[in-house]
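Undergrad: Just one file: work.cif, with mmCIF, C-alpha atoms and all ligand atoms.
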data_data
loop_
_atom_site.group_PDB
_atom_site.id
_atom_site.type_symbol
_atom_site.label_atom_id
_atom_site.label_comp_id
_atom_site.auth_asym_id
_atom_site.auth_seq_id
_atom_site.Cartn_x
_atom_site.Cartn_y
_atom_site.Cartn_z
ATOM 1 C CA MET V 1 0.000 0.000 0.000
ATOM 2 C CA ASN V 2 1.343 3.454 -0.701
ATOM 3 C CA THR V 3 1.610 5.913 2.163
ATOM 4 C CA ASN V 4 -1.269 8.112 0.970
ATOM 5 C CA LYS V 5 -3.659 5.181 0.892
ATOM 6 C CA GLU V 6 -2.388 3.875 4.188
ATOM 7 C CA ILE V 7 -2.961 7.242 5.878
ATOM 8 C CA ARG V 8 -6.437 7.618 4.382
ATOM 9 C CA SER V 9 -7.508 4.099 5.219
ATOM 10 C CA ALA V 10 -6.595 4.836 8.835
ATOM 11 C CA GLY V 11 -9.148 7.653 8.694
ATOM 12 C CA LEU V 12 -6.580 10.443 8.657
ATOM 13 C CA LYS V 13 -6.062 13.226 6.151
ATOM 14 C CA VAL V 14 -2.869 13.064 4.129
ATOM 15 C CA THR V 15 -0.498 15.787 5.303
ATOM 16 C CA HIS V 16 3.145 16.379 4.552
ATOM 17 C CA ALA V 17 4.163 15.551 8.132
ATOM 18 C CA ARG V 18 2.190 12.303 8.207
ATOM 19 C CA LYS V 19 3.646 11.217 4.863
ATOM 20 C CA SER V 20 7.221 12.031 5.868
ATOM 21 C CA ILE V 21 6.962 10.213 9.187
ATOM 22 C CA LEU V 22 5.252 7.146 7.756
ATOM 23 C CA ASN V 23 7.828 6.976 4.959
ATOM 24 C CA LEU V 24 10.604 7.059 7.506
ATOM 25 C CA LEU V 25 9.099 4.287 9.596
ATOM 26 C CA GLU V 26 8.683 2.182 6.473
ATOM 27 C CA LYS V 27 12.089 2.801 4.951
ATOM 28 C CA SER V 28 14.397 3.245 7.917
ATOM 29 C CA ASN V 29 16.672 0.290 8.585
ATOM 30 C CA ASN V 30 16.120 0.845 12.288
ATOM 31 C CA SER V 31 12.457 -0.010 12.566
ATOM 32 C CA HIS V 32 12.153 1.257 16.161
ATOM 33 C CA LEU V 33 12.464 5.019 16.280
ATOM 34 C CA SER V 34 11.900 7.651 18.957
ATOM 35 C CA ALA V 35 10.395 11.062 18.195
ATOM 36 C CA ASP V 36 13.908 12.502 18.614
ATOM 37 C CA ASP V 37 15.371 9.996 16.141
ATOM 38 C CA ILE V 38 12.730 10.988 13.615
ATOM 39 C CA ASN V 39 13.370 14.672 14.257
ATOM 40 C CA LYS V 40 17.114 14.213 13.640
ATOM 41 C CA ILE V 41 16.608 12.238 10.441
ATOM 42 C CA LEU V 42 14.085 14.714 9.021
ATOM 43 C CA PHE V 43 16.328 17.627 10.007
ATOM 44 C CA LYS V 44 19.210 16.071 8.052
ATOM 45 C CA LYS V 45 16.936 15.702 5.052
ATOM 46 C CA ASN V 46 15.961 19.378 5.355
ATOM 47 C CA ASP V 47 12.442 18.254 6.030
ATOM 48 C CA GLU V 48 11.759 20.023 9.307
ATOM 49 C CA VAL V 49 8.440 18.947 10.641
ATOM 50 C CA GLY V 50 9.086 20.024 14.242
ATOM 51 C CA ILE V 51 9.191 17.880 17.336
ATOM 52 C CA ALA V 52 5.688 18.802 18.575
ATOM 53 C CA THR V 53 4.150 17.751 15.257
ATOM 54 C CA ILE V 54 6.196 14.551 15.262
ATOM 55 C CA TYR V 55 4.848 13.626 18.693
ATOM 56 C CA ARG V 56 1.313 14.459 17.659
ATOM 57 C CA VAL V 57 1.506 12.465 14.412
ATOM 58 C CA LEU V 58 3.068 9.441 16.136
ATOM 59 C CA ASN V 59 0.308 9.385 18.721
ATOM 60 C CA GLN V 60 -2.313 9.701 15.966
ATOM 61 C CA PHE V 61 -0.664 6.739 14.219
ATOM 62 C CA VAL V 62 -0.867 4.737 17.438
ATOM 63 C CA ASP V 63 -4.554 5.605 17.872
ATOM 64 C CA ALA V 64 -5.197 4.657 14.239
ATOM 65 C CA GLY V 65 -3.428 1.310 14.616
ATOM 66 C CA ILE V 66 -0.617 2.157 12.154
ATOM 67 C CA CYS V 67 2.049 2.133 14.854
ATOM 68 C CA ILE V 68 2.718 0.675 18.235
ATOM 69 C CA LYS V 69 4.579 2.476 20.983
ATOM 70 C CA HIS V 70 7.054 0.829 23.335
ATOM 71 C CA HIS V 71 8.189 2.225 26.653
ATOM 72 C CA PHE V 72 11.460 0.451 27.201
ATOM 73 C CA ASP V 73 13.214 1.257 30.485
ATOM 74 C CA SER V 74 16.349 2.445 28.775
ATOM 75 C CA GLY V 75 15.091 5.684 27.330
ATOM 76 C CA GLN V 76 12.455 7.434 25.301
ATOM 77 C CA ALA V 77 9.385 5.761 23.883
ATOM 78 C CA VAL V 78 10.040 4.176 20.499
ATOM 79 C CA PHE V 79 7.585 3.586 17.706
ATOM 80 C CA GLU V 80 7.352 0.836 15.130
ATOM 81 C CA LEU V 81 4.840 0.005 12.432
ATOM 82 C CA THR V 82 2.278 -2.431 13.793
ATOM 83 C CA PRO V 83 3.866 -5.799 13.081
ATOM 84 C CA GLU V 84 1.916 -8.560 11.366
ATOM 85 C CA GLY V 85 3.179 -11.282 13.646
ATOM 86 C CA HIS V 86 4.407 -11.340 17.202
ATOM 87 C CA HIS V 87 7.971 -10.575 18.166
ATOM 88 C CA ASP V 88 9.817 -9.684 21.341
ATOM 89 C CA HIS V 89 12.646 -7.244 21.903
ATOM 90 C CA MET V 90 16.157 -6.934 23.229
ATOM 91 C CA VAL V 91 17.337 -3.450 24.118
ATOM 92 C CA CYS V 92 21.029 -2.596 24.397
ATOM 93 C CA VAL V 93 21.563 -0.621 27.608
ATOM 94 C CA LYS V 94 24.682 1.036 26.145
ATOM 95 C CA THR V 95 23.335 2.252 22.820
ATOM 96 C CA GLY V 96 19.563 1.923 23.053
ATOM 97 C CA LYS V 97 19.599 -0.289 19.960
ATOM 98 C CA VAL V 98 16.473 -2.450 19.686
ATOM 99 C CA ILE V 99 16.771 -5.993 18.345
ATOM 100 C CA GLU V 100 13.728 -8.074 17.495
ATOM 101 C CA PHE V 101 13.564 -11.775 18.175
ATOM 102 C CA GLU V 102 11.129 -14.653 18.055
ATOM 103 C CA ASP V 103 11.594 -17.951 19.804
ATOM 104 C CA ASP V 104 8.993 -20.703 19.669
ATOM 105 C CA LEU V 105 10.350 -22.386 22.761
ATOM 106 C CA ILE V 106 10.056 -19.202 24.847
ATOM 107 C CA GLU V 107 6.533 -18.620 23.512
ATOM 108 C CA ALA V 108 5.498 -22.165 24.395
ATOM 109 C CA ARG V 109 7.019 -21.946 27.883
ATOM 110 C CA GLN V 110 5.112 -18.733 28.598
ATOM 111 C CA HIS V 111 1.842 -20.400 27.629
ATOM 112 C CA SER V 112 2.502 -23.411 29.817
ATOM 113 C CA LEU V 113 3.528 -21.180 32.747
ATOM 114 C CA ALA V 114 0.289 -19.207 32.511
ATOM 115 C CA LYS V 115 -1.713 -22.418 32.165
ATOM 116 C CA LYS V 116 -0.114 -23.863 35.282
ATOM 117 C CA SER V 117 -1.504 -20.870 37.175
ATOM 118 C CA GLY V 118 -4.920 -21.371 35.589
ATOM 119 C CA TYR V 119 -4.656 -18.626 32.974
ATOM 120 C CA LYS V 120 -4.317 -18.216 29.267
ATOM 121 C CA ILE V 121 -2.184 -15.438 27.848
ATOM 122 C CA VAL V 122 -4.073 -12.650 26.090
ATOM 123 C CA ASP V 123 -1.030 -10.496 25.446
ATOM 124 C CA HIS V 124 2.549 -10.290 26.541
ATOM 125 C CA SER V 125 5.731 -8.421 25.958
ATOM 126 C CA LEU V 126 9.137 -9.696 26.823
ATOM 127 C CA VAL V 127 12.068 -7.323 26.880
ATOM 128 C CA LEU V 128 15.664 -8.388 27.475
ATOM 129 C CA TYR V 129 18.048 -5.613 28.499
ATOM 130 C CA VAL V 130 21.436 -6.493 27.081
ATOM 131 C CA GLU V 131 24.958 -5.135 26.655
ATOM 132 C CA PRO V 132 27.584 -6.111 24.108
ATOM 133 C CA ILE V 133 29.900 -8.993 25.049
ATOM 134 C CA ASP V 134 33.464 -7.624 25.007
HETATM 135 ZN ZN ZN V 201 9.608 -4.568 17.263
#
Starting from the coordinates I provided, produce the structure as structure tokens.
Ligand SMILES: [Zn+2]
TA:
Amino acid sequence: MNTNKEIRSAGLKVTHARKSILNLLEKSNNSHLSADDINKILFKKNDEVGIATIYRVLNQFVDAGICIKHHFDSGQAVFELTPEGHHDHMVCVKTGKVIEFEDDLIEARQHSLAKKSGYKIVDHSLVLYVEPID
């Protein structure tokens, strides 16, 4: 889907700021970006949207289901496009880098742990805080 369609189908009007931010989230090789990251990247591209607008647009994207927001302990909230499948995250405590991972064994263990307590999982997020091995 192109960005214009994607914005419209989320019930939002197409604006320059929304297009720029959505493009960035789609094309950036770091798929987890903070509002500051986005501000820096747009600034470098001479596409100054302004930090207040960036925050507003990101929150609109979250409300519209385009994005999800993570509050990792290591810093600012980061945003990623709503993923199709499930994944968990590792966050580097030195650099803030976010690494995605999926592990069937961990998923299965979580389900059996919940079941043992008489529950089924409706949602979960698992975050590993890591640092580089020297
Ligand atoms: Zn992710």
Undergrad: Using atom CA of V:Asp134 and atom CA of V:Phe72 as the two end points, give the distance in Å to one decimal.
TA: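 Those two atoms sit 23.5 Å apart.
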Undergrad: Atom CA of V:Leu58 and atom CA of V:Leu42, how far apart in Å?
TA: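 So the two atoms, atom CA of V:Leu42 and atom CA of V:Leu58, lie 14.1 Å apart.
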Undergrad: Kindly work out which residues sit at most 7 Å from ligand ZN 201 (chain V), using all atoms listed in the file, and give the list as a PyMOL selection string.
TA: chain V and resi 32+80+87-89+100
Undergrad: Fewer than 5 positions away in the same chain doesn't count, so skip those; otherwise give me all residues within 12 Å of V:Leu25, counting only C-alpha atoms, as a PyMOL selection string.
TA: chain V and resi 3+18-20+30-35+37-38+41-42+58+61+66-68+78-83
Undergrad: So, with only C-alpha atoms as the atoms that count, which of V:Met90, V:Ala64, V:Val57, V:Leu128 lies closest to V:Arg8?
TA: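 The answer is V:Ala64, which sits nearest to V:Arg8.
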Undergrad: Run the PyMOL selection byres (((chain V and resi 101-109) around 10) and not hetatm) mentally over the shown coordinates, then write out the matched residues as a ChimeraX atom specification, using the chain letters and numbers from the document.
TA: /V:85-90,98-100,110-115,124,126-127
Undergrad: Expand the PyMOL selection byres (((chain V and resi 47) around 12) and not hetatm) into the individual residues it matches in the shown file, reporting them as a list in words.
TA: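 Here the PyMOL selection byres (((chain V and resi 47) around 12) and not hetatm) matches His16, Ala17, Lys19, Ser20, Ile21, Leu24, Ile38, Asn39, Lys40, Ile41, Leu42, Phe43, Lys44, Lys45, Asn46, Glu48, Val49, Gly50, Ile51 and Ile54 of chain V.
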